[in-house]
Amino acid sequence: MSRPLPKAGRYALRVASLGIALGVWQLLTSLDIDLWLRFSQFPTVADVARAFADRLSGPDYWTDLTDSLTRILTGFLLAAVLGVATGVLVARSRLAEDLLGPVLEVVRPIPAIALVPVAILLFPSNEQGIVFITFTAAFFPVLVSTRHAVRALTPVWEEAVLTMGGGRWRILASVVLPGALPGIFGGLSVGIGVSWICVISAEMISGQYGVGYRTWQDYTVVNYAGVFVGMVTIGVLGWLTSTAVELLGRRLTRWLPRTSYVAGARHRTPRAATPPAPLREAAEPEAEEARDEHLV
């Protein structure tokens with residue numbers, strides 16, 4: 001049985017895999033390999049690095065970066081708040097499900113990028129339209145994940161709060177939201193990735209600034225090195241924002257049992273899941289009373 005690598009070794013392995021991928025790219029493009037795939041048309045890694053350095057030294061790159069981040073964060077935060085609220089409402093209320101469910105299910109399959117003409121007609125500025133596209137892209141993954149997570153909650157915790165005299169708001173704060181957090185953050189992780197896809201596409205179509213707009217402009221003037229600069233920028237930004245969402249989710253769901261998979265290693269049985277902290281606090285007085293009665 002092989003021993004698992006230490007954390008430093010794992011990071012070194014990841015860096016090495018990235019370096020190997022870049023080395024293969026450089027080799028195929030510098031040798032103009034054309035074996036069905038036409039690598040001779042690709043810029044080399046060195047060309048992209050030089051173009052990247054030129055962009056970093058100019059003001060346009062940072063302006064595009066700021067505009068894209070502002071659009072993605074605005075649309076995503078709106079989608080996170082409204083998506084979670086709507087998902088909880090639809091999952092907990094039959095009336096809301098009957099009123100909102102049909103409309104949401106009809107609109108949900110429509111790709112967010114297909115709503116660009118609607119955004120152009122509906123909003124007075126391109127900026128607001130792009131934020132709307134970003135919001136729509138993230139809204140439905142968050143909504144669906146929240147709805148399923150709330151419906152999958154065990155009724156035992158809710159019954160415990162009701163037994164102790166808690167009302168709807170107590171159940172919402174102590175059971176529903178904490179218990180649904182893992183599913184909610186799953187939807188947020190998907191939503192942030194889809195948002196990047198759609199905001200870049202919207203910038204290409206109707207934007208004036210932004211990473212997507214600049215990438216499309218480079219393509220129209222046959223500046224392929226600049227196109228790859230935009231692609232790398234989009235990839236790094238998407239990775240950073242997705243990692244931030246994942247870290248926040250792990251921080252807020254520390255009460256969940258954690259397991260780590262190691263190939264060839266024996267699996268340890270995870271400790272049993274404990275209720276969310278608000279519910280544990282609510283249950284403490286009742287547990288103390290039960291102990292007192294037992295002593296009497």
# chains A, B, ... in the order shown; residues from 1 in each chain; ligands from 1
>>> residues_around(residues="region 196-212 of chain A", least_positions_apart="2", cutoff="7 Å", atoms="only C-alpha atoms", output="PyMOL selection string")
chain A and resi 64-65+67-68+72+112-113+116+126+130+133-134+137+192-194+214-216+230+238
>>> write_last_selection(atoms="C-alpha atoms", output="compact mmCIF listing (two decimals), in the first residue's frame")
# COMPACT_ATOMS: atom_id res chain seq x y z
CA ASP A 64 -11.25 45.27 -18.75
CA LEU A 65 -10.48 43.19 -15.68
CA ASP A 67 -15.34 45.83 -15.62
CA SER A 68 -15.69 42.05 -15.95
CA ILE A 72 -19.81 39.09 -12.54
CA ALA A 112 -28.94 32.82 -20.59
CA ILE A 113 -26.96 33.94 -23.64
CA VAL A 116 -29.19 38.96 -25.01
CA ASN A 126 -25.52 47.57 -22.24
CA ILE A 130 -24.82 42.24 -19.21
CA ILE A 133 -27.44 37.99 -18.34
CA THR A 134 -24.96 37.16 -15.58
CA ALA A 137 -27.07 32.40 -15.66
CA ILE A 192 -20.29 31.13 -10.68
CA GLY A 193 -18.87 29.00 -13.49
CA VAL A 194 -21.91 29.45 -15.72
CA ARG A 214 -11.15 42.53 -25.72
CA THR A 215 -10.79 38.85 -26.63
CA TRP A 216 -13.28 39.20 -29.46
CA GLY A 230 -7.98 36.64 -22.81
CA GLY A 238 -12.97 31.65 -13.00
>>> residues_around(residues="Val229 (chain A)", least_positions_apart="3", cutoff="6 Å", atoms="only C-alpha atoms", output="list in words")
Phe52, Gly226 and Val232 of chain A
>>> closest_residue(among="A:Arg55, A:Arg170, A:Arg250, A:Arg92", to="Arg151 (chain A)", atoms="only C-alpha atoms")
A:Arg92
>>> select_by_dssp(residues="region 20-254 of chain A", states="helix (DSSP H, G or I)", output="short mmCIF file (atom, residue, chain, number, x, y, z; two decimals) with C-alpha atoms, in the first residue's frame")
data_model
loop_
_atom_site.label_atom_id
_atom_site.label_comp_id
_atom_site.auth_asym_id
_atom_site.auth_seq_id
_atom_site.Cartn_x
_atom_site.Cartn_y
_atom_site.Cartn_z
CA ILE A 20 4.18 19.53 -18.59
CA ALA A 21 1.03 20.76 -20.32
CA LEU A 22 2.72 24.07 -21.19
CA GLY A 23 5.81 22.21 -22.40
CA VAL A 24 3.75 20.02 -24.72
CA TRP A 25 1.97 23.12 -26.03
CA GLN A 26 5.29 24.86 -26.71
CA LEU A 27 6.72 21.78 -28.42
CA LEU A 28 3.75 21.19 -30.72
CA THR A 29 3.45 24.84 -31.78
CA SER A 30 7.16 25.55 -32.19
CA PHE A 39 -0.94 23.30 -34.21
CA SER A 40 0.94 25.42 -36.73
CA GLN A 41 -1.93 27.93 -36.48
CA VAL A 45 3.66 29.75 -25.18
CA ALA A 46 6.44 32.31 -25.59
CA ASP A 47 4.24 34.42 -27.92
CA VAL A 48 1.38 34.37 -25.43
CA ALA A 49 3.75 35.25 -22.57
CA ARG A 50 5.09 38.26 -24.48
CA ALA A 51 1.56 39.41 -25.32
CA PHE A 52 0.57 38.95 -21.69
CA ALA A 53 3.50 41.07 -20.51
CA ASP A 54 2.56 43.83 -22.97
CA ARG A 55 -1.06 43.78 -21.76
CA LEU A 56 -0.07 43.95 -18.11
CA PRO A 59 -4.14 50.45 -18.70
CA ASP A 60 -6.70 48.70 -20.93
CA TYR A 61 -6.09 45.27 -19.42
CA TRP A 62 -6.84 46.43 -15.89
CA THR A 63 -9.89 48.38 -17.04
CA ASP A 64 -11.25 45.27 -18.75
CA LEU A 65 -10.48 43.19 -15.68
CA THR A 66 -12.28 45.61 -13.36
CA ASP A 67 -15.34 45.83 -15.62
CA SER A 68 -15.69 42.05 -15.95
CA LEU A 69 -15.26 41.47 -12.21
CA THR A 70 -17.80 44.19 -11.39
CA ARG A 71 -20.36 42.65 -13.75
CA ILE A 72 -19.81 39.09 -12.54
CA LEU A 73 -19.90 39.96 -8.84
CA THR A 74 -22.99 42.15 -9.16
CA GLY A 75 -24.97 39.59 -11.13
CA PHE A 76 -23.76 36.65 -9.03
CA LEU A 77 -24.54 38.26 -5.68
CA LEU A 78 -28.03 39.18 -6.84
CA ALA A 79 -28.54 35.62 -8.09
CA ALA A 80 -27.26 34.17 -4.81
CA VAL A 81 -29.66 36.20 -2.67
CA LEU A 82 -32.74 35.86 -4.89
CA GLY A 83 -31.98 32.27 -5.87
CA VAL A 84 -31.71 31.09 -2.26
CA ALA A 85 -34.79 33.05 -1.20
CA THR A 86 -36.89 31.77 -4.12
CA GLY A 87 -35.65 28.20 -3.69
CA VAL A 88 -36.58 28.16 0.01
CA LEU A 89 -39.96 29.75 -0.73
CA VAL A 90 -40.84 27.27 -3.47
CA ALA A 91 -39.68 24.31 -1.38
CA ARG A 92 -41.57 25.37 1.76
CA ARG A 94 -47.24 24.96 -1.92
CA LEU A 95 -48.84 28.24 -2.94
CA ALA A 96 -45.47 29.65 -4.05
CA GLU A 97 -44.73 26.43 -5.92
CA ASP A 98 -48.06 26.61 -7.76
CA LEU A 99 -47.64 30.30 -8.62
CA LEU A 100 -43.92 30.47 -9.43
CA GLY A 101 -43.07 26.88 -10.35
CA PRO A 102 -44.58 26.78 -13.86
CA VAL A 103 -43.04 30.12 -14.88
CA LEU A 104 -39.61 29.19 -13.54
CA GLU A 105 -39.64 25.77 -15.20
CA VAL A 106 -40.55 27.30 -18.56
CA VAL A 107 -37.83 29.97 -18.38
CA ALA A 112 -28.94 32.82 -20.59
CA ILE A 113 -26.96 33.94 -23.64
CA ALA A 114 -30.14 33.58 -25.73
CA LEU A 115 -31.63 36.39 -23.62
CA VAL A 116 -29.19 38.96 -25.01
CA PRO A 117 -31.82 40.42 -27.43
CA VAL A 118 -34.27 40.61 -24.51
CA ALA A 119 -31.68 42.43 -22.40
CA ILE A 120 -30.95 44.88 -25.22
CA LEU A 121 -34.65 45.69 -25.58
CA LEU A 122 -35.41 45.70 -21.85
CA ASN A 126 -25.52 47.57 -22.24
CA GLU A 127 -24.00 47.46 -18.76
CA GLN A 128 -27.32 46.66 -17.12
CA GLY A 129 -28.09 44.10 -19.81
CA ILE A 130 -24.82 42.24 -19.21
CA VAL A 131 -25.46 42.16 -15.46
CA PHE A 132 -28.93 40.78 -16.20
CA ILE A 133 -27.44 37.99 -18.34
CA THR A 134 -24.96 37.16 -15.58
CA PHE A 135 -27.72 37.14 -12.98
CA THR A 136 -29.93 34.85 -15.07
CA ALA A 137 -27.07 32.40 -15.66
CA ALA A 138 -26.40 31.96 -11.93
CA PHE A 139 -29.97 32.26 -10.67
CA PHE A 140 -31.36 28.92 -11.84
CA PRO A 141 -28.51 26.66 -10.61
CA VAL A 142 -28.78 28.30 -7.19
CA LEU A 143 -32.58 28.04 -7.21
CA VAL A 144 -32.69 24.37 -8.18
CA SER A 145 -29.96 23.33 -5.74
CA THR A 146 -31.60 25.24 -2.88
CA ARG A 147 -35.01 23.76 -3.63
CA HIS A 148 -33.70 20.19 -3.67
CA ALA A 149 -31.56 20.74 -0.55
CA VAL A 150 -34.49 22.10 1.45
CA ARG A 151 -36.81 19.30 0.39
CA PRO A 155 -38.08 16.33 9.39
CA VAL A 156 -36.66 15.27 12.78
CA TRP A 157 -34.84 18.55 13.34
CA GLU A 158 -37.87 20.62 12.43
CA GLU A 159 -40.09 18.55 14.73
CA ALA A 160 -37.60 19.10 17.55
CA VAL A 161 -37.82 22.88 17.15
CA LEU A 162 -41.63 22.71 17.02
CA THR A 163 -41.67 20.61 20.17
CA ARG A 168 -41.47 29.45 11.39
CA TRP A 169 -38.62 31.92 11.64
CA ARG A 170 -36.87 29.82 14.25
CA ILE A 171 -37.16 26.77 11.99
CA LEU A 172 -35.86 28.77 9.05
CA ALA A 173 -32.85 30.11 10.95
CA SER A 174 -32.04 26.97 12.96
CA VAL A 175 -32.87 24.13 10.57
CA VAL A 176 -33.67 25.06 6.98
CA LEU A 177 -30.82 27.41 6.09
CA PRO A 178 -28.02 25.63 8.02
CA GLY A 179 -29.18 22.20 6.86
CA ALA A 180 -29.45 23.25 3.22
CA LEU A 181 -26.08 25.04 3.12
CA PRO A 182 -24.16 22.14 1.46
CA GLY A 183 -26.68 22.00 -1.39
CA ILE A 184 -26.83 25.78 -1.65
CA PHE A 185 -23.07 26.07 -2.05
CA GLY A 186 -23.14 23.30 -4.64
CA GLY A 187 -25.48 25.50 -6.67
CA LEU A 188 -23.32 28.56 -6.05
CA SER A 189 -20.24 26.73 -7.34
CA VAL A 190 -22.06 25.77 -10.53
CA GLY A 191 -23.59 29.24 -10.83
CA ILE A 192 -20.29 31.13 -10.68
CA GLY A 193 -18.87 29.00 -13.49
CA VAL A 194 -21.91 29.45 -15.72
CA SER A 195 -21.88 33.17 -14.95
CA TRP A 196 -18.36 33.51 -16.32
CA ILE A 197 -19.34 31.72 -19.52
CA CYS A 198 -22.32 33.98 -20.06
CA VAL A 199 -20.73 37.28 -19.06
CA ILE A 200 -17.86 36.72 -21.48
CA SER A 201 -20.30 35.82 -24.26
CA ALA A 202 -22.44 38.87 -23.49
CA GLU A 203 -19.38 41.13 -23.56
CA MET A 204 -18.44 39.72 -26.95
CA ILE A 205 -21.88 40.52 -28.32
CA SER A 206 -22.83 43.84 -26.75
CA VAL A 211 -12.19 40.62 -20.98
CA GLY A 212 -14.72 39.08 -23.37
CA TYR A 213 -14.96 42.23 -25.47
CA ARG A 214 -11.15 42.53 -25.72
CA THR A 215 -10.79 38.85 -26.63
CA TRP A 216 -13.28 39.20 -29.46
CA GLN A 217 -11.54 42.35 -30.72
CA ASP A 218 -8.23 40.48 -30.83
CA TYR A 219 -9.88 37.72 -32.83
CA THR A 220 -11.30 40.17 -35.39
CA TYR A 224 -4.28 35.09 -31.79
CA ALA A 225 -1.75 35.67 -29.02
CA GLY A 226 -4.11 38.30 -27.60
CA VAL A 227 -6.99 35.83 -27.85
CA PHE A 228 -5.04 33.36 -25.71
CA VAL A 229 -4.24 36.12 -23.22
CA GLY A 230 -7.98 36.64 -22.81
CA MET A 231 -8.58 32.89 -22.48
CA VAL A 232 -5.92 32.53 -19.79
CA THR A 233 -7.32 35.54 -17.94
CA ILE A 234 -10.83 34.11 -18.01
CA GLY A 235 -9.57 30.74 -16.77
CA VAL A 236 -7.63 32.25 -13.87
CA LEU A 237 -10.50 34.53 -12.85
CA GLY A 238 -12.97 31.65 -13.00
CA TRP A 239 -10.69 29.44 -10.92
CA LEU A 240 -10.15 32.15 -8.28
CA THR A 241 -13.85 32.95 -7.88
CA SER A 242 -14.87 29.27 -7.80
CA THR A 243 -12.19 28.57 -5.19
CA ALA A 244 -13.44 31.50 -3.10
CA VAL A 245 -17.01 30.14 -3.18
CA GLU A 246 -15.81 26.65 -2.25
CA LEU A 247 -13.68 27.90 0.65
CA LEU A 248 -16.56 29.99 1.96
CA GLY A 249 -18.83 26.97 1.74
CA ARG A 250 -16.40 24.77 3.67
CA ARG A 251 -16.03 27.50 6.27
CA LEU A 252 -19.79 27.78 6.82
#
>>> atom_distance(atom1="CA of Val222 (chain A)", atom2="CA of Gly19 (chain A)")
27.1 Å
>>> atom_distance(atom1="CA of Thr253 (chain A)", atom2="CA of Thr154 (chain A)")
16.9 Å
>>> select_by_dssp(residues="region 20-129 of chain A", states="strand (DSSP E or B)", output="list in words")
Asp34, Leu35, Leu37 and Arg38 of chain A
>>> atom_distance(atom1="CA of Asp34 (chain A)", atom2="CA of Val15 (chain A)")
28.0 Å
>>> decode(residues="region 182-213 of chain A", atoms="N, CA, C and O atoms", output="compact mmCIF listing (two decimals), in the first residue's frame")
# COMPACT_ATOMS: atom_id res chain seq x y z
N PRO A 182 -24.98 22.90 2.42
CA PRO A 182 -24.16 22.14 1.46
C PRO A 182 -24.74 22.16 0.05
O PRO A 182 -24.02 22.34 -0.92
N GLY A 183 -26.06 21.96 -0.07
CA GLY A 183 -26.68 22.00 -1.39
C GLY A 183 -26.66 23.39 -1.99
O GLY A 183 -26.48 23.55 -3.20
N ILE A 184 -26.85 24.41 -1.15
CA ILE A 184 -26.83 25.78 -1.65
C ILE A 184 -25.47 26.12 -2.24
O ILE A 184 -25.38 26.71 -3.33
N PHE A 185 -24.40 25.75 -1.55
CA PHE A 185 -23.07 26.07 -2.05
C PHE A 185 -22.70 25.23 -3.26
O PHE A 185 -21.87 25.64 -4.08
N GLY A 186 -23.31 24.04 -3.39
CA GLY A 186 -23.14 23.30 -4.64
C GLY A 186 -23.71 24.08 -5.81
O GLY A 186 -23.10 24.17 -6.88
N GLY A 187 -24.90 24.67 -5.63
CA GLY A 187 -25.48 25.50 -6.67
C GLY A 187 -24.69 26.76 -6.94
O GLY A 187 -24.57 27.21 -8.08
N LEU A 188 -24.13 27.35 -5.88
CA LEU A 188 -23.32 28.56 -6.05
C LEU A 188 -22.05 28.26 -6.85
O LEU A 188 -21.62 29.07 -7.68
N SER A 189 -21.44 27.10 -6.60
CA SER A 189 -20.24 26.73 -7.34
C SER A 189 -20.54 26.56 -8.82
O SER A 189 -19.76 27.00 -9.69
N VAL A 190 -21.67 25.92 -9.12
CA VAL A 190 -22.06 25.77 -10.53
C VAL A 190 -22.42 27.14 -11.11
O VAL A 190 -22.05 27.47 -12.24
N GLY A 191 -23.14 27.94 -10.33
CA GLY A 191 -23.59 29.24 -10.83
C GLY A 191 -22.46 30.18 -11.18
O GLY A 191 -22.54 30.90 -12.19
N ILE A 192 -21.39 30.21 -10.39
CA ILE A 192 -20.29 31.13 -10.68
C ILE A 192 -19.59 30.74 -11.97
O ILE A 192 -19.17 31.60 -12.75
N GLY A 193 -19.49 29.43 -12.24
CA GLY A 193 -18.87 29.00 -13.49
C GLY A 193 -19.71 29.35 -14.71
O GLY A 193 -19.20 29.86 -15.72
N VAL A 194 -21.02 29.11 -14.60
CA VAL A 194 -21.91 29.45 -15.72
C VAL A 194 -21.96 30.95 -15.92
O VAL A 194 -22.06 31.44 -17.06
N SER A 195 -21.87 31.71 -14.84
CA SER A 195 -21.88 33.17 -14.95
C SER A 195 -20.70 33.68 -15.77
O SER A 195 -20.85 34.60 -16.58
N TRP A 196 -19.53 33.09 -15.54
CA TRP A 196 -18.36 33.51 -16.32
C TRP A 196 -18.55 33.22 -17.81
O TRP A 196 -18.19 34.03 -18.67
N ILE A 197 -19.10 32.05 -18.11
CA ILE A 197 -19.34 31.72 -19.52
C ILE A 197 -20.24 32.76 -20.17
O ILE A 197 -19.98 33.25 -21.28
N CYS A 198 -21.32 33.11 -19.46
CA CYS A 198 -22.32 33.98 -20.06
C CYS A 198 -21.88 35.46 -20.08
O CYS A 198 -22.20 36.18 -21.02
N VAL A 199 -21.15 35.89 -19.05
CA VAL A 199 -20.73 37.28 -19.06
C VAL A 199 -19.71 37.53 -20.16
O VAL A 199 -19.71 38.59 -20.81
N ILE A 200 -18.83 36.56 -20.40
CA ILE A 200 -17.86 36.72 -21.48
C ILE A 200 -18.57 36.74 -22.83
O ILE A 200 -18.27 37.56 -23.71
N SER A 201 -19.55 35.85 -23.01
CA SER A 201 -20.30 35.82 -24.26
C SER A 201 -21.08 37.11 -24.45
O SER A 201 -21.15 37.64 -25.57
N ALA A 202 -21.69 37.63 -23.39
CA ALA A 202 -22.44 38.87 -23.49
C ALA A 202 -21.53 40.05 -23.81
O ALA A 202 -21.89 40.94 -24.59
N GLU A 203 -20.34 40.06 -23.25
CA GLU A 203 -19.38 41.13 -23.56
C GLU A 203 -18.94 41.07 -25.02
O GLU A 203 -18.72 42.10 -25.66
N MET A 204 -18.81 39.86 -25.55
CA MET A 204 -18.44 39.72 -26.95
C MET A 204 -19.52 40.27 -27.87
O MET A 204 -19.23 40.83 -28.94
N ILE A 205 -20.78 40.12 -27.46
CA ILE A 205 -21.88 40.52 -28.32
C ILE A 205 -22.20 42.01 -28.18
O ILE A 205 -22.36 42.72 -29.18
N SER A 206 -22.32 42.48 -26.93
CA SER A 206 -22.83 43.84 -26.75
C SER A 206 -22.00 44.68 -25.79
O SER A 206 -22.44 45.76 -25.39
N GLY A 207 -20.83 44.22 -25.41
CA GLY A 207 -20.02 44.97 -24.46
C GLY A 207 -19.18 46.05 -25.13
O GLY A 207 -19.00 46.07 -26.35
N GLN A 208 -18.68 46.96 -24.32
CA GLN A 208 -17.76 47.98 -24.78
C GLN A 208 -16.39 47.83 -24.13
O GLN A 208 -15.39 48.23 -24.72
N TYR A 209 -16.38 47.28 -22.95
CA TYR A 209 -15.15 46.96 -22.25
C TYR A 209 -15.32 45.60 -21.61
O TYR A 209 -16.43 45.07 -21.53
N GLY A 210 -14.24 45.03 -21.13
CA GLY A 210 -14.31 43.73 -20.48
C GLY A 210 -13.39 42.73 -21.16
O GLY A 210 -12.96 42.92 -22.31
N VAL A 211 -13.10 41.64 -20.45
CA VAL A 211 -12.19 40.62 -20.98
C VAL A 211 -12.78 39.97 -22.22
O VAL A 211 -12.08 39.71 -23.21
N GLY A 212 -14.08 39.69 -22.21
CA GLY A 212 -14.72 39.08 -23.37
C GLY A 212 -14.70 39.99 -24.58
O GLY A 212 -14.43 39.54 -25.71
N TYR A 213 -14.99 41.27 -24.37
CA TYR A 213 -14.96 42.23 -25.47
C TYR A 213 -13.56 42.33 -26.07
O TYR A 213 -13.39 42.32 -27.30
